[in-house]
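The structure appears right after this line, and notes come after that.
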Amino acid sequence: MPFTLHGLPVSQGIAIGHVHLVSHALLEVNHYHVAQKHLADEAARLADAVATVQGELIGLKAAATLGQAHSEVGAFVDLQLMMLADPMLVEAAHALIESRRCNAEWALVQQMELLVEQFRQIEDPYLRERQADVVQVVERLVKVLLGHPGHLPPRRRDGLGTIVVAHDLSPADTIGFRDHNISGFVTDVGGPTSHTAIVARSLAIPAVVGLHHIRDLVEDDELLIVDGTRGVIIVAPDDSIVEEYRLRRAELELERSKLKRLRDTPATTLDGEQIHLLANIEGPKDVAQVKSCNADGVGLYRTEFLFIGRDTLPDEDEQYEAYRAVLKAVPGKPVTIRTFDVGADKALNGAHSRFEPNPALGLRAVRYSLAEPKMFLTQLRALLRASVHGRLQIMVPMLAHAHEIDQTLKLIDKAKAELRAERIKFDEQVPVGGMIEVPAAALALGMFIRRLSFLSIGTNDLIQYTLAIDRSDEAVVHLYDPLHPAVLKLIGATIQAGARYGLPVSVCGEMAGDPAYTLLLLGMGLRNFSMHPGHILEIKQQVLRADLGELAPRVQRILKMDEQARVREAVERLAG
């Protein structure tokens, strides 16, 4: 019997596919007693599961050796194989089965909890983090014991994809799905501007979040429809519903194909103003999308995705290659590379991982970089080395204090001095800009204007910090409102200050790629938009219909309003 669920739409499009459950709840296993005569069978079941997981891991390692998987996979697999061989895990679980006459899953989880507690007592942060590897190994074993697949399923013969259903997905999880046949994401938690949602949009995969208990309501391999535009999930749809959504998906694809005609049309308003539409990317793999929409350059290259989801940091040469590849791929166009913005929900693994009570307000972005000067200097050297291959701009995230800019500029000078001493070429005049993401920065722009070459407004964090809302917390995400008068006043004032002092200002947050806000931002004076490349043609369509002379006075009146409802009505009327 089909049934429908409603959540938050975070990535447009329609996906039809089969469920793949990703659930940590697998570790909440049942406990039952095993009769004496069946204890040998239970022990054999555990031994078979260990052999199966060993086989999976050895297969993963072979793929890594052949270059078919991430380079860190080999080390990761070796570590998990060692844990499988550790008597403190499997042998101890066997002993528990015998002594407590219990099922294998429960014995494993009991032993896992004991080991995790021991790891927590270790002072060395790197060794302490190995508790996560213990949990992952046991998860694999429990999945096999319970009959769940331990890996993403292969491509299906019926042409339908896989829809990942999880409690939550970290950005690293989501990135890890990039090379698989994933049609959609569905999660219990999350909001429209969580980084997971942003990554889903960057991969152009339909996604719905905030469904609370979706994992309890669907089963592995069950047919599912994800309407990422309306936030609707249909579980076990019948043939007529599937056909209806196939038609709707075809209509969406037709609309997208019509937009492709705008690819080479200049983004010029009705009154002749040229608007620059740039792309947000996460690595060299995204350059193809930048070219497919003929973006005016890269307005935001999120380098943190080189760092997260791995146990060792990329060295200078690896970073240099990743930056050089993008600069060479878009010759003659600006490429704005943001220094790593780790922390909060983009945590590092291994020795660089941290626990903070409130990570969104803790050591993240430029604060993290300045706290790890050696790591930061390595990135700056890699960026400067790459600068000879194109039009590089370096952008620093989440600035709030003058000393943060000064320290960053000193480190850049240090990196330049080192490269000169080593006779390594770089562009001496690389522009350095900063992101306006906290109210303090937007309210004290003078320190930035005096020290930097350009500004970029990160609307996602600016809204979060202005309204004191954790944008990944589903309990308060409904309060996240880009049209709050305080938010608009901060954005408008930043754009106008940039124009007054001749400092280029762009918006690289989600607002830039949402057509509902294009006319508003144009009326504020914004001339540089940076967004996911998949949104550029849709925004260009809005630009081509805009008359700035008519928009500007209307938007100035909106900026004086102090009631959200009136602002919303006025913004909707801008579209005519």
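Note on naming: chains are A, B, ... as they come in the structure tokens, residues start from 1 per chain, ligands start from 1 in the order shown.
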Who sits within 12 Å of Arg420 of chain A, only C-alpha atoms, same chain under 6 positions skipped, as a list in words: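 Answer for this query is Arg381, Leu384, Arg385, Asp413, Lys414, Phe426, Asp427 and Glu428 of chain A.
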Please dump the current selection as a short mmCIF file (atom, residue, chain, number, x, y, z; two decimals), in the first residue's frame; keep all heavy atoms.
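Below is the file result16.cif, written as the result:
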data_model
loop_
_atom_site.label_atom_id
_atom_site.label_comp_id
_atom_site.auth_asym_id
_atom_site.auth_seq_id
_atom_site.Cartn_x
_atom_site.Cartn_y
_atom_site.Cartn_z
N ARG A 381 51.22 28.23 0.42
CA ARG A 381 52.32 27.96 -0.53
C ARG A 381 51.77 27.25 -1.78
O ARG A 381 52.14 27.59 -2.91
CB ARG A 381 53.39 27.08 0.14
CG ARG A 381 54.33 27.82 1.07
CD ARG A 381 55.30 26.82 1.73
NE ARG A 381 55.98 26.01 0.73
CZ ARG A 381 57.22 26.26 0.27
NH1 ARG A 381 57.91 27.28 0.73
NH2 ARG A 381 57.77 25.47 -0.63
N LEU A 384 49.85 29.81 -3.89
CA LEU A 384 50.73 30.75 -4.60
C LEU A 384 51.46 30.06 -5.75
O LEU A 384 51.61 30.63 -6.84
CB LEU A 384 51.72 31.37 -3.62
CG LEU A 384 51.11 32.37 -2.62
CD1 LEU A 384 52.09 32.73 -1.52
CD2 LEU A 384 50.65 33.64 -3.35
N ARG A 385 51.90 28.83 -5.52
CA ARG A 385 52.57 28.09 -6.61
C ARG A 385 51.62 27.92 -7.80
O ARG A 385 52.02 28.00 -8.96
CB ARG A 385 53.03 26.72 -6.11
CG ARG A 385 54.28 26.76 -5.25
CD ARG A 385 54.58 25.39 -4.67
NE ARG A 385 54.71 24.36 -5.69
CZ ARG A 385 54.71 23.05 -5.44
NH1 ARG A 385 54.56 22.62 -4.19
NH2 ARG A 385 54.84 22.18 -6.40
N ASP A 413 52.66 36.66 3.21
CA ASP A 413 53.98 37.25 2.95
C ASP A 413 55.09 36.24 3.25
O ASP A 413 56.10 36.16 2.53
CB ASP A 413 54.17 38.51 3.80
CG ASP A 413 53.34 39.68 3.29
OD1 ASP A 413 52.90 39.62 2.12
OD2 ASP A 413 53.10 40.62 4.07
N LYS A 414 54.89 35.48 4.33
CA LYS A 414 55.91 34.49 4.68
C LYS A 414 56.01 33.41 3.60
O LYS A 414 57.11 32.99 3.20
CB LYS A 414 55.55 33.84 6.02
CG LYS A 414 56.53 32.78 6.46
CD LYS A 414 56.21 32.22 7.83
CE LYS A 414 57.27 31.16 8.14
NZ LYS A 414 57.34 30.71 9.43
N PHE A 426 55.63 32.58 -8.71
CA PHE A 426 54.24 32.78 -8.31
C PHE A 426 53.83 34.19 -8.71
O PHE A 426 54.68 35.01 -9.05
CB PHE A 426 54.06 32.55 -6.80
CG PHE A 426 54.83 33.53 -5.94
CD1 PHE A 426 54.23 34.70 -5.50
CD2 PHE A 426 56.15 33.27 -5.59
CE1 PHE A 426 54.93 35.59 -4.71
CE2 PHE A 426 56.86 34.17 -4.82
CZ PHE A 426 56.26 35.33 -4.38
N ASP A 427 52.54 34.47 -8.67
CA ASP A 427 52.03 35.79 -9.00
C ASP A 427 52.15 36.69 -7.77
O ASP A 427 51.47 36.46 -6.77
CB ASP A 427 50.56 35.67 -9.47
CG ASP A 427 49.96 37.02 -9.81
OD1 ASP A 427 50.65 38.04 -9.70
OD2 ASP A 427 48.76 37.04 -10.18
N GLU A 428 52.98 37.72 -7.85
CA GLU A 428 53.20 38.61 -6.70
C GLU A 428 51.96 39.40 -6.35
O GLU A 428 51.81 39.91 -5.24
CB GLU A 428 54.36 39.58 -7.00
CG GLU A 428 55.73 38.92 -7.12
CD GLU A 428 56.41 38.76 -5.76
OE1 GLU A 428 55.78 39.13 -4.74
OE2 GLU A 428 57.54 38.26 -5.72
#
Within 7 Å of Val235 of chain A using only C-alpha atoms, minus same-chain residues under 4 positions, as number ranges by chain: A: 2-4, 223-225
Contact residues around Arg545 of chain A with only C-alpha atoms at 8 Å, ignoring same-chain residues under 3 positions, as a list in words: Thr269, Leu270, Gln541 and Gln542 of chain A
Write the residues of the preceding selection, restricted to C-alpha atoms, as a PDB file, in the first residue's frame.
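out-v9.pdb written:
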ATOM      1  CA  THR A 269      19.953  43.240 -18.010  1.00  0.00           C
ATOM      2  CA  LEU A 270      17.281  44.969 -20.098  1.00  0.00           C
ATOM      3  CA  GLN A 541      17.082  33.891 -17.293  1.00  0.00           C
ATOM      4  CA  GLN A 542      16.097  36.168 -14.388  1.00  0.00           C
TER       5      GLN A 542
END
Per-residue DSSP, segment 109-334 of chain A, filtered to strand (DSSP E), as a VMD selection string: chain A and resid 161 to 166 182 to 187 207 to 209 223 to 227 232 to 235 276 to 281 298 to 302 334
All residues 10 Å or closer to Leu488 of chain A, only C-alpha atoms, same chain fewer than 4 positions away omitted, as a ChimeraX atom specification: /A:459,463,482-484,492-494,520-521,524,558-561,567
Export of prior selection with all heavy atoms as a compact mmCIF listing (two decimals), in the first residue's frame:
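Contents of result-v4.txt, freshly written:
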# COMPACT_ATOMS: atom_id res chain seq x y z
N THR A 459 25.95 34.13 2.51
CA THR A 459 24.63 34.37 3.11
C THR A 459 24.19 33.25 4.06
O THR A 459 23.45 33.51 5.01
CB THR A 459 23.56 34.57 2.02
OG1 THR A 459 23.65 33.50 1.08
CG2 THR A 459 23.76 35.89 1.32
N ILE A 463 23.11 34.57 7.71
CA ILE A 463 21.74 34.42 8.22
C ILE A 463 21.76 33.64 9.53
O ILE A 463 21.09 34.00 10.51
CB ILE A 463 20.86 33.72 7.17
CG1 ILE A 463 20.75 34.59 5.91
CG2 ILE A 463 19.47 33.41 7.74
CD1 ILE A 463 20.19 33.87 4.70
N PRO A 482 15.98 34.16 4.91
CA PRO A 482 16.82 35.12 4.18
C PRO A 482 16.17 36.50 4.05
O PRO A 482 16.87 37.48 3.81
CB PRO A 482 16.98 34.47 2.80
CG PRO A 482 16.71 33.02 3.02
CD PRO A 482 15.68 32.97 4.10
N LEU A 483 14.84 36.57 4.21
CA LEU A 483 14.16 37.86 4.04
C LEU A 483 13.92 38.58 5.36
O LEU A 483 13.14 39.54 5.41
CB LEU A 483 12.82 37.64 3.31
CG LEU A 483 12.95 37.12 1.88
CD1 LEU A 483 11.58 36.99 1.23
CD2 LEU A 483 13.84 38.03 1.03
N HIS A 484 14.56 38.14 6.43
CA HIS A 484 14.46 38.88 7.69
C HIS A 484 15.04 40.29 7.46
O HIS A 484 16.13 40.43 6.86
CB HIS A 484 15.24 38.17 8.79
CG HIS A 484 14.99 38.72 10.16
ND1 HIS A 484 15.45 39.95 10.55
CD2 HIS A 484 14.30 38.21 11.22
CE1 HIS A 484 15.08 40.18 11.80
NE2 HIS A 484 14.37 39.13 12.22
N GLY A 492 22.52 44.46 2.11
CA GLY A 492 22.43 45.71 1.32
C GLY A 492 23.54 46.68 1.67
O GLY A 492 24.17 47.28 0.78
N ALA A 493 23.83 46.83 2.97
CA ALA A 493 24.88 47.77 3.40
C ALA A 493 26.25 47.32 2.89
O ALA A 493 27.09 48.15 2.50
CB ALA A 493 24.88 47.86 4.92
N THR A 494 26.51 46.01 2.87
CA THR A 494 27.81 45.51 2.40
C THR A 494 27.97 45.78 0.91
O THR A 494 29.04 46.23 0.46
CB THR A 494 27.92 44.00 2.69
OG1 THR A 494 27.75 43.78 4.09
CG2 THR A 494 29.26 43.45 2.25
N LEU A 520 15.83 40.89 -6.17
CA LEU A 520 16.13 41.62 -4.93
C LEU A 520 17.61 41.98 -4.86
O LEU A 520 17.98 43.13 -4.58
CB LEU A 520 15.73 40.75 -3.74
CG LEU A 520 16.06 41.28 -2.36
CD1 LEU A 520 15.22 42.51 -2.03
CD2 LEU A 520 15.85 40.20 -1.30
N LEU A 521 18.48 41.00 -5.13
CA LEU A 521 19.92 41.25 -5.04
C LEU A 521 20.39 42.21 -6.14
O LEU A 521 21.24 43.07 -5.90
CB LEU A 521 20.68 39.92 -5.14
CG LEU A 521 20.48 38.97 -3.94
CD1 LEU A 521 21.06 37.58 -4.24
CD2 LEU A 521 21.13 39.54 -2.68
N MET A 524 19.61 45.62 -5.06
CA MET A 524 20.53 46.10 -4.01
C MET A 524 21.83 46.63 -4.61
O MET A 524 22.60 47.29 -3.93
CB MET A 524 20.88 44.96 -3.05
CG MET A 524 19.76 44.53 -2.12
SD MET A 524 20.38 43.20 -1.04
CE MET A 524 18.93 42.86 -0.05
N ILE A 558 12.14 48.39 0.07
CA ILE A 558 12.06 47.13 0.81
C ILE A 558 13.06 47.12 1.96
O ILE A 558 12.76 46.65 3.07
CB ILE A 558 12.32 45.94 -0.15
CG1 ILE A 558 11.16 45.79 -1.13
CG2 ILE A 558 12.51 44.63 0.63
CD1 ILE A 558 11.38 44.74 -2.21
N LEU A 559 14.25 47.65 1.73
CA LEU A 559 15.28 47.65 2.77
C LEU A 559 14.90 48.50 3.97
O LEU A 559 15.48 48.36 5.05
CB LEU A 559 16.62 48.13 2.18
CG LEU A 559 17.28 47.20 1.16
CD1 LEU A 559 18.57 47.80 0.62
CD2 LEU A 559 17.58 45.83 1.77
N LYS A 560 13.92 49.39 3.81
CA LYS A 560 13.47 50.22 4.93
C LYS A 560 12.35 49.57 5.73
O LYS A 560 11.95 50.06 6.77
CB LYS A 560 13.02 51.59 4.41
CG LYS A 560 14.16 52.41 3.83
CD LYS A 560 13.66 53.71 3.24
CE LYS A 560 14.82 54.51 2.63
NZ LYS A 560 14.36 55.70 1.90
N MET A 561 11.82 48.45 5.23
CA MET A 561 10.71 47.78 5.92
C MET A 561 11.23 47.00 7.12
O MET A 561 12.36 46.49 7.11
CB MET A 561 10.00 46.81 4.96
CG MET A 561 9.34 47.50 3.78
SD MET A 561 8.59 46.29 2.64
CE MET A 561 7.90 47.38 1.40
N VAL A 567 7.95 42.48 3.79
CA VAL A 567 9.13 42.27 2.94
C VAL A 567 8.85 41.15 1.94
O VAL A 567 9.12 41.27 0.74
CB VAL A 567 10.37 41.93 3.80
CG1 VAL A 567 11.52 41.47 2.91
CG2 VAL A 567 10.79 43.13 4.62
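Atom CA of Val218 of chain A to atom CA of Glu105 of chain A spans 22.2 Å [interatomic distance, one decimal].
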Those in segment 263-419 of chain A with helix (DSSP H, G or I) from DSSP, as a PyMOL selection string: chain A and resi 284-292+303-306+316-329+350-352+359-361+365-371+373-389+402-419
Surrounding residues of Ala325 of chain A excluding itself and chain neighbours under 5 positions, 12 Å, only C-alpha atoms, as a ChimeraX atom specification: /A:283-288,318-320,330-331,335,383,386-390,392
May I have the selected residues written with all heavy atoms, as a short mmCIF file (atom, residue, chain, number, x, y, z; two decimals), in the first residue's frame?
data_model
loop_
_atom_site.label_atom_id
_atom_site.label_comp_id
_atom_site.auth_asym_id
_atom_site.auth_seq_id
_atom_site.Cartn_x
_atom_site.Cartn_y
_atom_site.Cartn_z
N GLY A 283 36.06 20.98 -6.27
CA GLY A 283 37.28 20.33 -6.72
C GLY A 283 37.36 20.27 -8.23
O GLY A 283 36.42 20.67 -8.93
N PRO A 284 38.47 19.78 -8.75
CA PRO A 284 38.67 19.73 -10.21
C PRO A 284 37.58 18.96 -10.94
O PRO A 284 37.28 19.26 -12.10
CB PRO A 284 40.03 19.02 -10.34
CG PRO A 284 40.74 19.31 -9.05
CD PRO A 284 39.68 19.33 -8.00
N LYS A 285 36.94 17.99 -10.25
CA LYS A 285 35.89 17.21 -10.93
C LYS A 285 34.73 18.08 -11.37
O LYS A 285 33.97 17.71 -12.26
CB LYS A 285 35.36 16.12 -9.98
CG LYS A 285 36.25 14.91 -9.84
CD LYS A 285 35.57 13.88 -8.98
CE LYS A 285 36.41 12.61 -8.89
NZ LYS A 285 35.77 11.60 -8.02
N ASP A 286 34.53 19.23 -10.71
CA ASP A 286 33.38 20.08 -11.00
C ASP A 286 33.61 21.02 -12.18
O ASP A 286 32.70 21.75 -12.57
CB ASP A 286 33.03 20.91 -9.76
CG ASP A 286 32.64 20.03 -8.59
OD1 ASP A 286 32.12 18.92 -8.83
OD2 ASP A 286 32.85 20.44 -7.44
N VAL A 287 34.82 21.04 -12.71
CA VAL A 287 35.12 21.97 -13.80
C VAL A 287 34.26 21.70 -15.03
O VAL A 287 33.86 22.63 -15.74
CB VAL A 287 36.62 21.90 -14.16
CG1 VAL A 287 36.89 22.64 -15.45
CG2 VAL A 287 37.46 22.50 -13.04
N ALA A 288 33.94 20.45 -15.27
CA ALA A 288 33.10 20.13 -16.44
C ALA A 288 31.77 20.86 -16.36
O ALA A 288 31.25 21.36 -17.37
CB ALA A 288 32.88 18.62 -16.51
N GLU A 318 49.98 17.77 -3.36
CA GLU A 318 48.63 17.32 -3.70
C GLU A 318 47.68 18.52 -3.82
O GLU A 318 46.85 18.59 -4.74
CB GLU A 318 48.11 16.35 -2.64
CG GLU A 318 46.71 15.81 -2.97
CD GLU A 318 46.16 14.84 -1.93
OE1 GLU A 318 46.95 14.33 -1.11
OE2 GLU A 318 44.94 14.60 -1.95
N GLN A 319 47.82 19.46 -2.89
CA GLN A 319 46.98 20.66 -2.97
C GLN A 319 47.30 21.48 -4.22
O GLN A 319 46.40 21.94 -4.92
CB GLN A 319 47.19 21.52 -1.73
CG GLN A 319 46.66 20.88 -0.45
CD GLN A 319 46.75 21.85 0.71
OE1 GLN A 319 46.20 22.94 0.65
NE2 GLN A 319 47.41 21.44 1.76
N TYR A 320 48.57 21.66 -4.47
CA TYR A 320 48.99 22.43 -5.66
C TYR A 320 48.35 21.85 -6.93
O TYR A 320 47.82 22.59 -7.77
CB TYR A 320 50.52 22.41 -5.75
CG TYR A 320 51.08 22.78 -7.10
CD1 TYR A 320 51.05 24.11 -7.54
CD2 TYR A 320 51.64 21.81 -7.93
CE1 TYR A 320 51.57 24.44 -8.79
CE2 TYR A 320 52.16 22.14 -9.17
CZ TYR A 320 52.12 23.45 -9.59
OH TYR A 320 52.61 23.78 -10.83
N VAL A 330 40.14 26.72 -16.67
CA VAL A 330 39.32 27.90 -17.01
C VAL A 330 40.25 29.08 -17.31
O VAL A 330 40.26 30.08 -16.59
CB VAL A 330 38.31 28.24 -15.90
CG1 VAL A 330 37.18 27.26 -15.89
CG2 VAL A 330 38.97 28.27 -14.52
N PRO A 331 41.01 28.99 -18.38
CA PRO A 331 42.01 30.04 -18.67
C PRO A 331 41.34 31.39 -18.93
O PRO A 331 40.30 31.47 -19.57
CB PRO A 331 42.69 29.50 -19.95
CG PRO A 331 41.70 28.57 -20.56
CD PRO A 331 40.96 27.95 -19.41
N VAL A 335 39.45 32.68 -10.77
CA VAL A 335 39.19 31.50 -9.94
C VAL A 335 39.45 31.92 -8.48
O VAL A 335 40.59 32.17 -8.09
CB VAL A 335 40.09 30.32 -10.32
CG1 VAL A 335 39.89 29.16 -9.34
CG2 VAL A 335 39.80 29.86 -11.74
N LEU A 383 48.74 27.39 -2.95
CA LEU A 383 47.93 28.35 -3.72
C LEU A 383 48.82 29.28 -4.54
O LEU A 383 48.58 29.51 -5.73
CB LEU A 383 47.06 29.17 -2.76
CG LEU A 383 45.83 28.45 -2.18
CD1 LEU A 383 45.26 29.23 -1.00
CD2 LEU A 383 44.78 28.27 -3.26
N ALA A 386 50.34 27.68 -7.49
CA ALA A 386 49.37 27.46 -8.56
C ALA A 386 49.01 28.76 -9.29
O ALA A 386 48.47 28.73 -10.40
CB ALA A 386 48.10 26.82 -7.99
N SER A 387 49.30 29.90 -8.66
CA SER A 387 48.83 31.20 -9.19
C SER A 387 49.39 31.51 -10.58
O SER A 387 48.81 32.31 -11.31
CB SER A 387 49.20 32.32 -8.22
OG SER A 387 50.62 32.46 -8.13
N VAL A 388 50.51 30.90 -10.96
CA VAL A 388 51.09 31.20 -12.28
C VAL A 388 50.30 30.53 -13.40
O VAL A 388 50.56 30.76 -14.58
CB VAL A 388 52.57 30.74 -12.35
CG1 VAL A 388 53.42 31.54 -11.40
CG2 VAL A 388 52.70 29.24 -12.09
N HIS A 389 49.33 29.70 -13.05
CA HIS A 389 48.58 28.96 -14.07
C HIS A 389 47.22 29.58 -14.39
O HIS A 389 46.44 28.97 -15.14
CB HIS A 389 48.39 27.51 -13.62
CG HIS A 389 49.68 26.78 -13.41
ND1 HIS A 389 50.49 26.40 -14.45
CD2 HIS A 389 50.31 26.40 -12.27
CE1 HIS A 389 51.56 25.79 -13.97
NE2 HIS A 389 51.48 25.78 -12.66
N GLY A 390 46.93 30.75 -13.85
CA GLY A 390 45.63 31.35 -14.15
C GLY A 390 45.41 32.61 -13.34
O GLY A 390 46.35 33.18 -12.77
N LEU A 392 44.22 33.61 -10.25
CA LEU A 392 43.87 33.19 -8.89
C LEU A 392 43.49 34.38 -8.01
O LEU A 392 44.12 35.44 -8.07
CB LEU A 392 45.06 32.45 -8.25
CG LEU A 392 44.94 32.13 -6.75
CD1 LEU A 392 43.85 31.09 -6.52
CD2 LEU A 392 46.26 31.66 -6.18
#
Contacts of Pro314 of chain A at 10 Å (only C-alpha atoms; same-chain gap of 5+ positions) as an MDAnalysis selection string: chainID A and resid 306:308 319:320 375 378:379
Would you mind listing what lies within 9 Å of segment 107-117 of chain A as an mmCIF file with C-alpha atoms, in the first residue's frame, with only C-alpha atoms counted and same-chain residues fewer than 6 positions away left out?
data_model
loop_
_atom_site.group_PDB
_atom_site.id
_atom_site.type_symbol
_atom_site.label_atom_id
_atom_site.label_comp_id
_atom_site.auth_asym_id
_atom_site.auth_seq_id
_atom_site.Cartn_x
_atom_site.Cartn_y
_atom_site.Cartn_z
ATOM 1 C CA LEU A 27 24.063 -1.263 16.516
ATOM 2 C CA GLU A 28 20.931 -1.183 18.681
ATOM 3 C CA VAL A 29 20.664 -4.961 18.387
ATOM 4 C CA HIS A 31 19.626 -9.509 22.999
ATOM 5 C CA LEU A 46 30.114 -14.964 13.884
ATOM 6 C CA MET A 88 40.031 -8.082 22.107
ATOM 7 C CA LEU A 89 37.214 -7.853 19.565
ATOM 8 C CA VAL A 90 36.281 -11.116 17.845
ATOM 9 C CA ALA A 92 36.277 -11.753 23.214
ATOM 10 C CA ALA A 93 32.885 -11.792 21.478
ATOM 11 C CA HIS A 94 33.199 -15.546 20.995
ATOM 12 C CA ALA A 95 33.911 -15.863 24.729
ATOM 13 C CA LEU A 96 30.816 -13.833 25.529
ATOM 14 C CA ILE A 97 28.642 -16.058 23.322
ATOM 15 C CA ARG A 100 26.528 -15.517 28.450
ATOM 16 C CA ARG A 128 41.482 8.203 20.894
ATOM 17 C CA ARG A 130 40.429 5.065 16.612
ATOM 18 C CA GLN A 131 37.240 4.307 18.518
ATOM 19 C CA ALA A 132 35.411 5.326 15.343
ATOM 20 C CA VAL A 134 36.128 0.007 16.016
ATOM 21 C CA VAL A 135 32.520 1.123 15.583
ATOM 22 C CA VAL A 138 31.447 -3.767 14.197
ATOM 23 C CA GLU A 139 28.827 -2.060 12.019
ATOM 24 C CA LEU A 141 29.932 -7.306 11.031
ATOM 25 C CA VAL A 142 26.452 -6.594 12.395
#
Nearest to Arg230 of chain A, chosen from A:Val477, A:Leu217, A:Ile491, A:Val208, with only C-alpha atoms counted in the distances: A:Val208
Point-to-point distance from atom CA of Leu81 of chain A to atom CA of Glu304 of chain A, Å rounded to tenths: 28.6 Å
Distance of atom CA of Leu203 of chain A from atom CA of Thr339 of chain A, expressed in Å to one decimal place: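 Computing the Euclidean distance for atom CA of Thr339 of chain A and atom CA of Leu203 of chain A yields 21.6 Å.
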Using only C-alpha atoms, which residues of segment 506-541 of chain A come within 10 Å of segment 247-264 of chain A, and what is the closest atom pair for each, with the distance in Å to one decimal? Give it as a Markdown table, sorted by chain and residue number.
| residue | atom | partner | partner_atom | distance |
| --- | --- | --- | --- | --- |
| A:Gly534 | CA | A:Arg256 | CA | 9.6 |
| A:Ile536 | CA | A:Arg263 | CA | 9.0 |
| A:Leu537 | CA | A:Leu259 | CA | 6.0 |
| A:Glu538 | CA | A:Leu259 | CA | 6.8 |
| A:Lys540 | CA | A:Leu262 | CA | 7.6 |
| A:Gln541 | CA | A:Leu262 | CA | 7.6 |
